[in-house]
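Peer 1: File coords.cif follows (mmCIF, C-alpha atoms):
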```
data_coords
#
loop_
_atom_site.label_atom_id
_atom_site.label_comp_id
_atom_site.auth_asym_id
_atom_site.auth_seq_id
_atom_site.Cartn_x
_atom_site.Cartn_y
_atom_site.Cartn_z
CA MET A 356 -4.29 -37.94 19.19
CA SER A 357 -2.66 -39.66 16.25
CA ASN A 358 0.86 -39.41 14.89
CA GLN A 359 -0.25 -40.98 11.58
CA LEU A 360 -0.58 -38.65 8.61
CA SER A 361 -3.51 -40.65 7.22
CA ASP A 362 -5.64 -39.47 10.16
CA TYR A 363 -5.36 -35.88 8.89
CA ASP A 364 -7.05 -36.54 5.56
CA TYR A 365 -10.59 -35.66 4.49
CA GLU A 366 -12.65 -35.48 1.32
CA LEU A 367 -13.68 -32.04 0.05
CA PRO A 368 -15.97 -31.41 -2.94
CA LYS A 369 -14.02 -29.30 -5.41
CA ARG A 370 -16.89 -26.81 -5.67
CA LEU A 371 -16.20 -25.71 -2.06
CA ILE A 372 -12.68 -24.42 -2.85
CA ALA A 373 -13.16 -20.64 -3.06
CA GLN A 374 -11.85 -19.26 -6.34
CA HIS A 375 -12.54 -15.58 -5.66
CA PRO A 376 -12.80 -13.42 -2.53
CA LEU A 377 -16.16 -12.17 -1.36
CA GLN A 378 -17.03 -8.58 -2.30
CA LYS A 379 -17.01 -7.63 1.39
CA ARG A 380 -14.28 -9.17 3.50
CA THR A 381 -16.34 -9.31 6.70
CA ASP A 382 -19.23 -11.16 5.01
CA ALA A 383 -17.27 -14.41 5.31
CA ARG A 384 -19.07 -17.05 7.34
CA LEU A 385 -17.59 -17.91 10.74
CA LEU A 386 -17.93 -21.34 12.31
CA VAL A 387 -17.63 -20.84 16.08
CA VAL A 388 -16.28 -23.85 17.97
CA ASP A 389 -16.46 -23.78 21.76
CA ARG A 390 -14.03 -26.25 23.33
CA ALA A 391 -15.56 -25.91 26.81
CA THR A 392 -19.08 -26.92 25.73
CA GLY A 393 -18.31 -28.84 22.54
CA SER A 394 -20.82 -26.65 20.67
CA ILE A 395 -20.60 -25.51 17.05
CA ALA A 396 -22.46 -22.37 15.91
CA HIS A 397 -22.77 -20.39 12.68
CA HIS A 398 -21.97 -16.67 12.48
CA HIS A 399 -20.15 -14.20 10.23
CA VAL A 400 -16.79 -12.46 10.67
CA ARG A 401 -18.66 -9.17 11.08
CA ASP A 402 -20.07 -10.58 14.37
CA LEU A 403 -16.62 -10.88 15.93
CA ALA A 404 -17.00 -8.02 18.45
CA SER A 405 -20.00 -9.77 20.02
CA LEU A 406 -18.28 -13.18 20.08
CA LEU A 407 -15.18 -11.99 21.93
CA ARG A 408 -14.97 -10.28 25.34
CA GLN A 409 -13.80 -6.88 26.46
CA GLY A 410 -10.18 -7.26 27.52
CA ASP A 411 -9.32 -9.86 24.88
CA SER A 412 -6.42 -9.08 22.53
CA LEU A 413 -6.31 -9.95 18.84
CA VAL A 414 -2.86 -10.88 17.57
CA ILE A 415 -2.48 -10.10 13.86
CA ASN A 416 0.40 -10.84 11.47
CA ASP A 417 1.51 -7.67 9.67
CA THR A 418 3.61 -9.38 6.99
CA ARG A 419 2.99 -8.18 3.43
CA VAL A 420 2.82 -10.51 0.44
CA ILE A 421 5.41 -9.74 -2.21
CA PRO A 422 4.69 -10.32 -5.94
CA ALA A 423 6.96 -13.36 -5.85
CA ARG A 424 5.70 -15.34 -8.86
CA LEU A 425 7.95 -14.86 -11.88
CA VAL A 426 7.17 -15.69 -15.50
CA GLY A 427 9.45 -15.48 -18.52
CA PHE A 428 11.36 -17.49 -21.09
CA ARG A 429 14.81 -18.97 -21.57
CA VAL A 430 16.78 -16.63 -23.83
CA ALA A 431 18.74 -19.47 -25.42
CA THR A 432 15.76 -21.67 -26.33
CA GLY A 433 12.66 -19.49 -26.06
CA GLY A 434 11.11 -22.09 -23.72
CA ARG A 435 8.61 -20.94 -21.09
CA TRP A 436 10.02 -20.51 -17.59
CA GLU A 437 8.36 -19.96 -14.21
CA GLY A 438 9.90 -19.09 -10.86
CA LEU A 439 9.09 -18.19 -7.28
CA PHE A 440 11.25 -15.62 -5.50
CA LEU A 441 12.20 -16.81 -2.01
CA SER A 442 14.76 -14.34 -0.66
CA ALA A 443 17.68 -12.07 -1.52
CA ASP A 444 21.07 -11.57 0.10
CA GLU A 445 22.93 -8.33 0.74
CA GLY A 446 25.01 -8.86 -2.39
CA GLY A 447 21.96 -8.65 -4.65
CA ASN A 448 21.64 -12.37 -5.38
CA TRP A 449 18.16 -13.88 -5.46
CA ARG A 450 17.21 -17.32 -4.21
CA LEU A 451 14.29 -18.83 -6.12
CA LEU A 452 12.53 -21.95 -7.31
CA ALA A 453 12.41 -22.54 -11.05
CA LYS A 454 10.35 -24.68 -13.41
CA THR A 455 10.72 -25.26 -17.15
CA ARG A 456 10.93 -28.01 -19.75
CA GLY A 457 14.35 -29.50 -20.06
CA LYS A 458 17.32 -29.02 -17.77
CA LEU A 459 18.36 -25.55 -16.67
CA GLN A 460 22.05 -24.74 -16.73
CA ALA A 461 24.10 -22.37 -14.58
CA GLY A 462 24.92 -19.28 -16.62
CA GLU A 463 21.60 -19.27 -18.50
CA SER A 464 19.76 -16.00 -18.94
CA ILE A 465 16.00 -15.76 -18.28
CA ALA A 466 13.95 -12.92 -19.78
CA LEU A 467 11.30 -11.94 -17.23
CA THR A 468 7.99 -10.62 -18.52
CA ASN A 469 5.24 -8.59 -16.89
CA GLU A 470 1.49 -9.27 -16.95
CA ARG A 471 1.25 -7.73 -20.44
CA LEU A 472 3.95 -10.20 -21.58
CA GLN A 473 6.45 -7.37 -22.13
CA GLU A 474 10.10 -8.13 -21.46
CA VAL A 475 11.26 -6.17 -18.41
CA PHE A 476 14.76 -7.41 -17.51
CA ASN A 477 16.91 -10.53 -17.55
CA LEU A 478 17.86 -12.82 -14.70
CA ARG A 479 21.11 -14.80 -14.81
CA LEU A 480 21.09 -18.27 -13.20
CA VAL A 481 24.24 -18.64 -11.11
CA LEU A 482 24.10 -21.86 -9.09
CA LYS A 483 21.71 -24.69 -8.33
CA GLU A 484 21.55 -25.48 -4.60
CA PRO A 485 21.40 -29.02 -3.17
CA GLY A 486 17.73 -28.62 -2.19
CA GLY A 487 16.71 -27.74 -5.75
CA SER A 488 16.48 -23.95 -5.45
CA TRP A 489 18.57 -21.61 -7.60
CA ILE A 490 20.81 -18.64 -6.88
CA ALA A 491 20.23 -16.02 -9.59
CA ARG A 492 21.22 -12.43 -10.23
CA PRO A 493 19.15 -9.70 -11.91
CA GLU A 494 21.01 -8.08 -14.79
CA VAL A 495 19.74 -4.65 -13.77
CA ALA A 496 20.32 -2.57 -10.66
CA GLY A 497 17.62 -2.19 -8.03
CA ALA A 498 16.40 -3.32 -4.64
CA PRO A 499 14.75 -6.78 -4.77
CA PHE A 500 11.24 -5.68 -3.76
CA GLU A 501 11.33 -2.74 -6.20
CA LEU A 502 12.30 -5.07 -9.05
CA LEU A 503 9.59 -7.57 -8.05
CA GLU A 504 6.97 -4.80 -8.20
CA ARG A 505 7.95 -4.26 -11.83
CA VAL A 506 7.82 -7.87 -12.93
CA GLY A 507 6.26 -10.11 -10.26
CA ARG A 508 2.79 -11.54 -9.97
CA VAL A 509 0.72 -12.37 -6.88
CA PRO A 510 1.78 -15.91 -5.85
CA LEU A 511 -1.68 -17.45 -5.60
CA PRO A 512 -1.78 -21.09 -4.47
CA PRO A 513 -2.42 -23.53 -7.34
CA TYR A 514 -5.93 -24.45 -6.15
CA ILE A 515 -7.07 -20.88 -6.95
CA ARG A 516 -7.47 -20.60 -10.74
CA ASP A 517 -4.28 -22.66 -11.26
CA GLY A 518 -2.31 -19.83 -9.67
CA GLU A 519 -3.28 -17.28 -12.34
CA MET A 520 -3.94 -13.86 -10.82
CA THR A 521 -6.37 -11.15 -11.88
CA ASP A 522 -5.97 -7.42 -11.23
CA THR A 523 -8.13 -7.62 -8.08
CA ASP A 524 -5.80 -10.17 -6.46
CA ARG A 525 -3.08 -7.54 -5.93
CA GLU A 526 -5.30 -5.90 -3.32
CA ARG A 527 -7.47 -8.78 -2.11
CA TYR A 528 -4.68 -11.32 -1.51
CA GLN A 529 -3.27 -8.85 1.01
CA THR A 530 -4.40 -8.02 4.54
CA VAL A 531 -5.38 -4.42 5.23
CA PHE A 532 -2.71 -4.28 7.96
CA GLY A 533 0.15 -5.90 5.98
CA GLU A 534 3.10 -3.52 5.98
CA LYS A 535 6.33 -5.54 6.21
CA PRO A 536 7.14 -7.17 2.85
CA GLY A 537 8.49 -10.71 2.88
CA ALA A 538 5.69 -13.29 2.59
CA VAL A 539 5.20 -15.47 -0.48
CA ALA A 540 1.69 -16.43 0.67
CA ALA A 541 -0.95 -14.49 2.57
CA PRO A 542 -1.73 -15.07 6.25
CA THR A 543 -5.23 -15.89 5.10
CA ALA A 544 -7.18 -15.55 8.36
CA GLY A 545 -6.23 -11.88 8.28
CA LEU A 546 -7.86 -11.39 4.88
CA HIS A 547 -11.30 -11.13 6.56
CA PHE A 548 -10.54 -7.90 8.43
CA THR A 549 -11.29 -4.32 7.40
CA PRO A 550 -10.24 -1.05 9.06
CA GLU A 551 -13.86 -0.62 10.15
CA LEU A 552 -14.00 -4.02 11.86
CA LEU A 553 -10.68 -3.41 13.62
CA ALA A 554 -11.99 -0.02 14.83
CA ARG A 555 -15.21 -1.65 16.08
CA LEU A 556 -13.21 -4.24 17.99
CA GLU A 557 -10.97 -1.54 19.46
CA SER A 558 -14.06 0.38 20.63
CA ALA A 559 -15.35 -2.81 22.24
CA GLY A 560 -12.16 -3.12 24.28
CA ILE A 561 -10.57 -5.72 22.01
CA PRO A 562 -7.35 -4.16 20.66
CA ALA A 563 -5.09 -5.61 17.98
CA VAL A 564 -1.44 -6.40 18.72
CA ARG A 565 0.95 -6.93 15.82
CA VAL A 566 3.50 -9.66 15.26
CA THR A 567 5.34 -10.60 12.07
CA LEU A 568 5.86 -13.95 10.37
CA HIS A 569 6.92 -14.05 6.73
CA VAL A 570 5.02 -16.99 5.27
CA GLY A 571 7.31 -19.31 3.31
CA GLN A 572 6.87 -21.43 0.19
CA ASP A 573 6.19 -24.64 2.12
CA THR A 574 3.11 -23.37 3.93
CA PHE A 575 0.61 -25.28 1.74
CA ARG A 576 2.88 -28.22 0.98
CA PRO A 577 1.44 -31.57 2.09
CA VAL A 578 3.37 -33.67 4.56
CA THR A 579 4.97 -36.57 2.67
CA SER A 580 6.17 -38.81 5.50
CA GLU A 581 3.69 -41.35 6.85
CA THR A 582 4.15 -40.11 10.40
CA LEU A 583 4.23 -36.58 11.77
CA ASP A 584 7.51 -37.34 13.53
CA GLY A 585 9.12 -37.94 10.14
CA HIS A 586 8.30 -34.49 8.77
CA GLU A 587 11.00 -31.83 8.62
CA MET A 588 9.41 -28.45 9.26
CA HIS A 589 10.36 -25.53 7.03
CA SER A 590 11.93 -22.41 8.53
CA GLU A 591 10.12 -19.06 8.61
CA TRP A 592 11.28 -15.75 10.06
CA CYS A 593 9.12 -14.22 12.78
CA GLU A 594 9.22 -11.46 15.37
CA ILE A 595 7.33 -10.26 18.43
CA THR A 596 8.56 -7.06 20.07
CA SER A 597 8.97 -6.34 23.77
CA GLU A 598 6.12 -3.80 23.53
CA ALA A 599 3.77 -6.44 22.08
CA VAL A 600 4.81 -8.92 24.78
CA GLU A 601 4.10 -6.42 27.56
CA ARG A 602 0.66 -5.60 26.15
CA LEU A 603 -0.28 -9.26 25.92
CA ARG A 604 1.05 -10.09 29.37
CA ALA A 605 -0.95 -7.20 30.86
CA ALA A 606 -4.11 -8.27 29.04
CA ARG A 607 -3.81 -11.82 30.30
CA ALA A 608 -3.08 -10.68 33.85
CA ALA A 609 -6.32 -8.70 33.73
CA GLY A 610 -8.28 -11.78 32.64
CA GLY A 611 -8.27 -11.23 28.90
CA ARG A 612 -7.59 -13.88 26.30
CA ILE A 613 -4.94 -13.90 23.59
CA VAL A 614 -6.83 -14.52 20.33
CA ALA A 615 -4.41 -15.43 17.54
CA VAL A 616 -5.54 -14.50 14.02
CA GLY A 617 -4.22 -17.34 11.88
CA THR A 618 -1.77 -20.18 12.28
CA THR A 619 1.11 -17.79 11.53
CA SER A 620 0.28 -15.72 14.62
CA VAL A 621 -0.01 -18.94 16.63
CA ARG A 622 3.44 -20.11 15.53
CA THR A 623 4.97 -16.70 16.28
CA LEU A 624 3.47 -16.57 19.78
CA GLU A 625 4.36 -20.15 20.61
CA SER A 626 7.89 -19.79 19.21
CA ALA A 627 8.32 -16.83 21.57
CA ALA A 628 6.97 -18.84 24.53
CA GLN A 629 9.03 -22.02 24.30
CA GLY A 630 10.37 -21.43 27.79
CA GLY A 631 6.79 -21.48 29.10
CA GLU A 632 6.39 -17.69 29.22
CA LEU A 633 5.91 -15.22 26.38
CA ARG A 634 9.11 -13.27 25.68
CA PRO A 635 10.35 -10.99 22.87
CA PHE A 636 11.63 -13.03 19.93
CA SER A 637 13.16 -12.35 16.53
CA GLY A 638 14.58 -14.99 14.22
CA PRO A 639 13.81 -18.19 12.33
CA THR A 640 11.39 -20.79 13.67
CA ARG A 641 10.89 -24.42 12.73
CA LEU A 642 8.23 -25.05 15.36
CA PHE A 643 5.94 -27.91 14.32
CA ILE A 644 2.87 -27.89 16.56
CA ARG A 645 1.52 -31.43 16.77
CA PRO A 646 0.18 -33.75 19.48
CA PRO A 647 0.78 -33.71 22.41
CA TYR A 648 1.89 -30.05 22.23
CA LYS A 649 1.07 -27.82 25.23
CA PHE A 650 0.10 -24.27 24.28
CA HIS A 651 1.65 -21.48 26.36
CA ALA A 652 0.59 -18.22 24.71
CA VAL A 653 -2.66 -18.76 22.78
CA ASP A 654 -6.15 -18.90 24.33
CA ALA A 655 -8.32 -18.73 21.18
CA MET A 656 -7.75 -18.81 17.45
CA LEU A 657 -9.37 -17.43 14.29
CA THR A 658 -8.35 -19.51 11.29
CA ASN A 659 -9.39 -20.47 7.77
CA PHE A 660 -10.10 -24.06 6.72
CA HIS A 661 -6.93 -25.90 5.76
CA LEU A 662 -5.89 -28.47 3.20
CA PRO A 663 -5.76 -32.12 4.26
CA ARG A 664 -2.44 -33.71 5.20
CA THR A 665 -0.79 -30.36 6.01
CA THR A 666 0.99 -29.04 9.08
CA LEU A 667 -1.64 -26.30 9.32
CA LEU A 668 -4.47 -28.81 9.78
CA VAL A 669 -2.38 -30.67 12.34
CA LEU A 670 -1.83 -27.44 14.29
CA VAL A 671 -5.52 -26.55 14.32
CA ARG A 672 -6.63 -30.02 15.40
CA THR A 673 -3.97 -30.03 18.12
CA PHE A 674 -5.35 -26.75 19.46
CA GLY A 675 -9.07 -27.39 19.06
CA GLY A 676 -9.21 -31.05 20.00
CA ASP A 677 -9.20 -33.86 17.48
CA ASP A 678 -12.77 -35.14 17.73
CA LEU A 679 -14.34 -31.67 17.98
CA LEU A 680 -12.41 -30.32 15.00
CA ARG A 681 -13.30 -33.37 12.90
CA GLN A 682 -16.96 -32.61 13.68
CA ALA A 683 -16.42 -28.94 12.82
CA TYR A 684 -14.92 -29.74 9.41
CA ASP A 685 -17.75 -32.20 8.69
CA GLU A 686 -20.26 -29.49 9.63
CA ALA A 687 -18.52 -26.91 7.43
CA ILE A 688 -18.62 -29.27 4.45
CA ARG A 689 -22.25 -30.19 5.10
CA GLU A 690 -23.20 -26.48 5.31
CA GLU A 691 -21.12 -25.72 2.22
CA TYR A 692 -18.67 -23.27 3.73
CA ARG A 693 -16.05 -21.90 1.33
CA PHE A 694 -12.62 -23.45 1.90
CA TYR A 695 -8.95 -22.41 1.82
CA SER A 696 -7.30 -19.04 1.15
CA TYR A 697 -10.28 -17.06 -0.13
CA GLY A 698 -12.75 -19.07 1.93
CA ASP A 699 -14.64 -18.73 5.20
CA ALA A 700 -13.25 -18.89 8.72
CA MET A 701 -13.48 -20.67 12.07
CA LEU A 702 -13.20 -19.23 15.58
CA ILE A 703 -11.99 -21.73 18.17
CA LEU A 704 -12.72 -20.58 21.72
#
```
Can you dump the structure from the file as structure tokens?

Peer 2:
Amino acid sequence: MSNQLSDYDYELPKRLIAQHPLQKRTDARLLVVDRATGSIAHHHVRDLASLLRQGDSLVINDTRVIPARLVGFRVATGGRWEGLFLSADEGGNWRLLAKTRGKLQAGESIALTNERLQEVFNLRLVLKEPGGSWIARPEVAGAPFELLERVGRVPLPPYIRDGEMTDTDRERYQTVFGEKPGAVAAPTAGLHFTPELLARLESAGIPAVRVTLHVGQDTFRPVTSETLDGHEMHSEWCEITSEAVERLRAARAAGGRIVAVGTTSVRTLESAAQGGELRPFSGPTRLFIRPPYKFHAVDAMLTNFHLPRTTLLVLVRTFGGDDLLRQAYDEAIREEYRFYSYGDAMLIL
């Protein structure tokens, strides 16, 4: 498999980029890729219980997307300002990305507005960091996530309606099992699940096991170096508990497969299995899965279709096999599957 970024490019008609979620989450189409036979078949997410086996374990990412997109204006000039909340420290300082016309200055005050364009509170810019992000401080008291709920918007990726949310996005750009706030993008493979589907899978002997990875701002960012070796992977925080590890070990020992829902679950599992065996893990990971990576903790994967020239596409092709996954993407485009965050899915067995 190639180390050249140019080999991870493909042409996608713009009409295939899903702009809205389906009315029913489980109605998404599901391209089933069998690595053992090289076959490609067409199903729907609702068919998942019949495509997996009793004893398999689904691994789902229970991170919750925070309303991290910020909109407002510079108090001194009235110029439009946009930001993306990244994190907060114990002292109440926020770390964020910022975009405006002209040059921002430390000490400036930003008036943040809600979706109705009402001023809510001000944010004081404190310090610009070497990487381009800003340290800022809200000029009101409150826990970061509580303040974001008052002023933040759903941080849709730019290929969905230029990042502009509607009211329905607050619920639909969130998995039904997301409970731990911290992600600035959804673990999109998980968007296809409903409580009813999870219950059906549980009844079929296919339980769900939770891990956590808070998706960071670089998740959709294209690789800019010409080789994969030249790319510096971003850091994301993840966790798998000892209870989850024991359940997965027992399932595998009994002949079941670990089926990771999404690349975030894959990275969590593989970060926890760098010694060759799955172990409890909590902390940051910079794991970049690329050829010739050997997988230790994942037997099958459910994933959405990914942007070209991204680490996510590299991961999926590394897992599924380069030639077979190229064929699968060609088939999905030919059959007009819906692509990216609100799009259809693929099951790699």

Peer 1: Quick one: apply the PyMOL selection byres ((chain A and resi 358-365) around 6) to the file and drop the selected residues here as a list in words.

Peer 2: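 Going through the file, the PyMOL selection byres ((chain A and resi 358-365) around 6) ends up selecting Ser357, Glu366, Glu581, Thr582, Leu583, Pro663 and Arg664 of chain A.
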
Peer 1: What box, with edges along x, y and z, holds each listed atom of region 375-378 of chain A when 4 Å is added on every side, and can you state its centre and edge lengths in Å to one decimal, as JSON?

Peer 2:
```
{"center_x": -14.8, "center_y": -12.1, "center_z": -3.5, "size_x": 12.5, "size_y": 15.0, "size_z": 12.3}
```

Peer 1: Pick out the closest residue to Ile595 (chain A) from this set: A:Ala608, A:Leu472, A:Val414, A:Ala431. Count all atoms listed in the file.

Peer 2: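 Looking only at the distances to Ile595 (chain A), the closest residue turns out to be A:Val414.
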
Peer 1: Can you spell out as a ChimeraX atom specification the set of residues that the PyMOL selection byres ((chain A and resi 637) around 10) selects in the structure I just provided?

Peer 2: /A:567-568,592-596,623,626-627,635-636,638-640

Peer 1: Please write as a list in words the list of polymer residues whose atoms come within 7 Å of (-8.3, -23.4, 4.0), counting all atoms listed in the file and keeping to the coordinates of the file.

Peer 2: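 Those residues lying close to the given coordinates are Asn659, Phe660, His661, Leu662, Phe694, Tyr695, Ser696 and Gly698 of chain A.
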
Peer 1: Can I get the selection written as a PDB file, in the frame of the given file, with C-alpha atoms?

Peer 2:
```pdb
ATOM      1  CA  ASN A 659      -9.390 -20.470   7.770  1.00  0.00           C
ATOM      2  CA  PHE A 660     -10.100 -24.060   6.720  1.00  0.00           C
ATOM      3  CA  HIS A 661      -6.930 -25.900   5.760  1.00  0.00           C
ATOM      4  CA  LEU A 662      -5.890 -28.470   3.200  1.00  0.00           C
ATOM      5  CA  PHE A 694     -12.620 -23.450   1.900  1.00  0.00           C
ATOM      6  CA  TYR A 695      -8.950 -22.410   1.820  1.00  0.00           C
ATOM      7  CA  SER A 696      -7.300 -19.040   1.150  1.00  0.00           C
ATOM      8  CA  GLY A 698     -12.750 -19.070   1.930  1.00  0.00           C
TER       9      GLY A 698
END
```

Peer 1: Return the single residue from A:His399, A:Arg492, A:Arg380, A:Arg390 that is closest to Tyr692 (chain A), with distances computed using only C-alpha atoms.

Peer 2: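 Closest residue, counting only C-alpha atoms: A:His399.
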
Peer 1: Just so the selection is clear, what residues does the PyMOL selection byres ((chain A and resi 578) around 8) cover here, as an mmCIF file with C-alpha atoms, in the coordinates of the input?

Peer 2:
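Output saved as selection-v8.cif:
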```
data_model
loop_
_atom_site.group_PDB
_atom_site.id
_atom_site.type_symbol
_atom_site.label_atom_id
_atom_site.label_comp_id
_atom_site.auth_asym_id
_atom_site.auth_seq_id
_atom_site.Cartn_x
_atom_site.Cartn_y
_atom_site.Cartn_z
ATOM 1 C CA LEU A 360 -0.580 -38.650 8.610
ATOM 2 C CA ARG A 576 2.880 -28.220 0.980
ATOM 3 C CA PRO A 577 1.440 -31.570 2.090
ATOM 4 C CA THR A 579 4.970 -36.570 2.670
ATOM 5 C CA SER A 580 6.170 -38.810 5.500
ATOM 6 C CA LEU A 583 4.230 -36.580 11.770
ATOM 7 C CA HIS A 586 8.300 -34.490 8.770
ATOM 8 C CA ARG A 664 -2.440 -33.710 5.200
ATOM 9 C CA THR A 665 -0.790 -30.360 6.010
ATOM 10 C CA THR A 666 0.990 -29.040 9.080
#
```

Peer 1: For each of A:Asp699, A:Asp444, A:Asp411, A:Glu691, take the minimum atom-to-atom distance to Arg370 (chain A), counting all atoms listed in the file, then give the residue where this is smallest.

Peer 2: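 Of the candidates, the smallest distance to Arg370 (chain A) is held by A:Glu691.
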
Peer 1: Can you tell me how far CA of Asn477 (chain A) sits from CA of Pro510 (chain A), in Å to one decimal?

Peer 2: 19.9 Å

Peer 1: Add whatever atoms are absent from region 515-538 of chain A to reach N, CA and C atoms, and provide the output as a PDB file, keeping the file's coordinate frame.

Peer 2:
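Result written to selection.pdb:
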```
ATOM      1  N   ILE A 515      -6.296 -22.050  -6.537  1.00  0.00           N
ATOM      2  CA  ILE A 515      -7.070 -20.880  -6.950  1.00  0.00           C
ATOM      3  C   ILE A 515      -6.726 -20.576  -8.396  1.00  0.00           C
ATOM      4  N   ARG A 516      -7.614 -20.916  -9.309  1.00  0.00           N
ATOM      5  CA  ARG A 516      -7.470 -20.600 -10.740  1.00  0.00           C
ATOM      6  C   ARG A 516      -6.092 -21.007 -11.274  1.00  0.00           C
ATOM      7  N   ASP A 517      -5.581 -22.154 -10.830  1.00  0.00           N
ATOM      8  CA  ASP A 517      -4.280 -22.660 -11.260  1.00  0.00           C
ATOM      9  C   ASP A 517      -3.161 -21.649 -11.021  1.00  0.00           C
ATOM     10  N   GLY A 518      -3.343 -20.802 -10.014  1.00  0.00           N
ATOM     11  CA  GLY A 518      -2.310 -19.830  -9.670  1.00  0.00           C
ATOM     12  C   GLY A 518      -2.305 -18.578 -10.520  1.00  0.00           C
ATOM     13  N   GLU A 519      -3.272 -18.440 -11.437  1.00  0.00           N
ATOM     14  CA  GLU A 519      -3.280 -17.280 -12.340  1.00  0.00           C
ATOM     15  C   GLU A 519      -4.042 -16.120 -11.697  1.00  0.00           C
ATOM     16  N   MET A 520      -3.340 -15.003 -11.485  1.00  0.00           N
ATOM     17  CA  MET A 520      -3.940 -13.860 -10.820  1.00  0.00           C
ATOM     18  C   MET A 520      -4.764 -13.000 -11.767  1.00  0.00           C
ATOM     19  N   THR A 521      -5.682 -12.230 -11.177  1.00  0.00           N
ATOM     20  CA  THR A 521      -6.370 -11.150 -11.880  1.00  0.00           C
ATOM     21  C   THR A 521      -5.949  -9.842 -11.211  1.00  0.00           C
ATOM     22  N   ASP A 522      -6.367  -8.722 -11.785  1.00  0.00           N
ATOM     23  CA  ASP A 522      -5.970  -7.420 -11.230  1.00  0.00           C
ATOM     24  C   ASP A 522      -6.430  -7.272  -9.778  1.00  0.00           C
ATOM     25  N   THR A 523      -7.588  -7.806  -9.439  1.00  0.00           N
ATOM     26  CA  THR A 523      -8.130  -7.620  -8.080  1.00  0.00           C
ATOM     27  C   THR A 523      -7.304  -8.366  -7.028  1.00  0.00           C
ATOM     28  N   ASP A 524      -6.573  -9.399  -7.434  1.00  0.00           N
ATOM     29  CA  ASP A 524      -5.800 -10.170  -6.460  1.00  0.00           C
ATOM     30  C   ASP A 524      -4.679  -9.345  -5.816  1.00  0.00           C
ATOM     31  N   ARG A 525      -4.173  -8.349  -6.505  1.00  0.00           N
ATOM     32  CA  ARG A 525      -3.080  -7.540  -5.930  1.00  0.00           C
ATOM     33  C   ARG A 525      -3.524  -6.891  -4.624  1.00  0.00           C
ATOM     34  N   GLU A 526      -4.803  -6.528  -4.544  1.00  0.00           N
ATOM     35  CA  GLU A 526      -5.300  -5.900  -3.320  1.00  0.00           C
ATOM     36  C   GLU A 526      -5.954  -6.919  -2.397  1.00  0.00           C
ATOM     37  N   ARG A 527      -6.671  -7.890  -2.952  1.00  0.00           N
ATOM     38  CA  ARG A 527      -7.470  -8.780  -2.110  1.00  0.00           C
ATOM     39  C   ARG A 527      -6.664  -9.931  -1.511  1.00  0.00           C
ATOM     40  N   TYR A 528      -5.536 -10.291  -2.103  1.00  0.00           N
ATOM     41  CA  TYR A 528      -4.680 -11.320  -1.510  1.00  0.00           C
ATOM     42  C   TYR A 528      -3.630 -10.633  -0.623  1.00  0.00           C
ATOM     43  N   GLN A 529      -4.108  -9.652   0.127  1.00  0.00           N
ATOM     44  CA  GLN A 529      -3.270  -8.850   1.010  1.00  0.00           C
ATOM     45  C   GLN A 529      -4.138  -8.417   2.179  1.00  0.00           C
ATOM     46  N   THR A 530      -3.628  -8.519   3.404  1.00  0.00           N
ATOM     47  CA  THR A 530      -4.400  -8.020   4.540  1.00  0.00           C
ATOM     48  C   THR A 530      -4.356  -6.496   4.544  1.00  0.00           C
ATOM     49  N   VAL A 531      -5.355  -5.875   5.187  1.00  0.00           N
ATOM     50  CA  VAL A 531      -5.380  -4.420   5.230  1.00  0.00           C
ATOM     51  C   VAL A 531      -4.320  -3.870   6.185  1.00  0.00           C
ATOM     52  N   PHE A 532      -3.742  -4.742   7.021  1.00  0.00           N
ATOM     53  CA  PHE A 532      -2.710  -4.280   7.960  1.00  0.00           C
ATOM     54  C   PHE A 532      -1.316  -4.785   7.577  1.00  0.00           C
ATOM     55  N   GLY A 533      -1.162  -5.423   6.414  1.00  0.00           N
ATOM     56  CA  GLY A 533       0.150  -5.900   5.980  1.00  0.00           C
ATOM     57  C   GLY A 533       1.051  -4.738   5.614  1.00  0.00           C
ATOM     58  N   GLU A 534       2.211  -4.644   6.245  1.00  0.00           N
ATOM     59  CA  GLU A 534       3.100  -3.520   5.980  1.00  0.00           C
ATOM     60  C   GLU A 534       4.573  -3.906   5.864  1.00  0.00           C
ATOM     61  N   LYS A 535       4.935  -5.129   6.250  1.00  0.00           N
ATOM     62  CA  LYS A 535       6.330  -5.540   6.210  1.00  0.00           C
ATOM     63  C   LYS A 535       6.519  -6.593   5.133  1.00  0.00           C
ATOM     64  N   PRO A 536       7.053  -6.219   3.960  1.00  0.00           N
ATOM     65  CA  PRO A 536       7.140  -7.170   2.850  1.00  0.00           C
ATOM     66  C   PRO A 536       8.054  -8.347   3.163  1.00  0.00           C
ATOM     67  N   GLY A 537       7.647  -9.538   2.681  1.00  0.00           N
ATOM     68  CA  GLY A 537       8.490 -10.710   2.880  1.00  0.00           C
ATOM     69  C   GLY A 537       7.775 -12.034   2.725  1.00  0.00           C
ATOM     70  N   ALA A 538       6.443 -12.039   2.691  1.00  0.00           N
ATOM     71  CA  ALA A 538       5.690 -13.290   2.590  1.00  0.00           C
ATOM     72  C   ALA A 538       5.479 -13.673   1.137  1.00  0.00           C
TER      73      ALA A 538
END
```
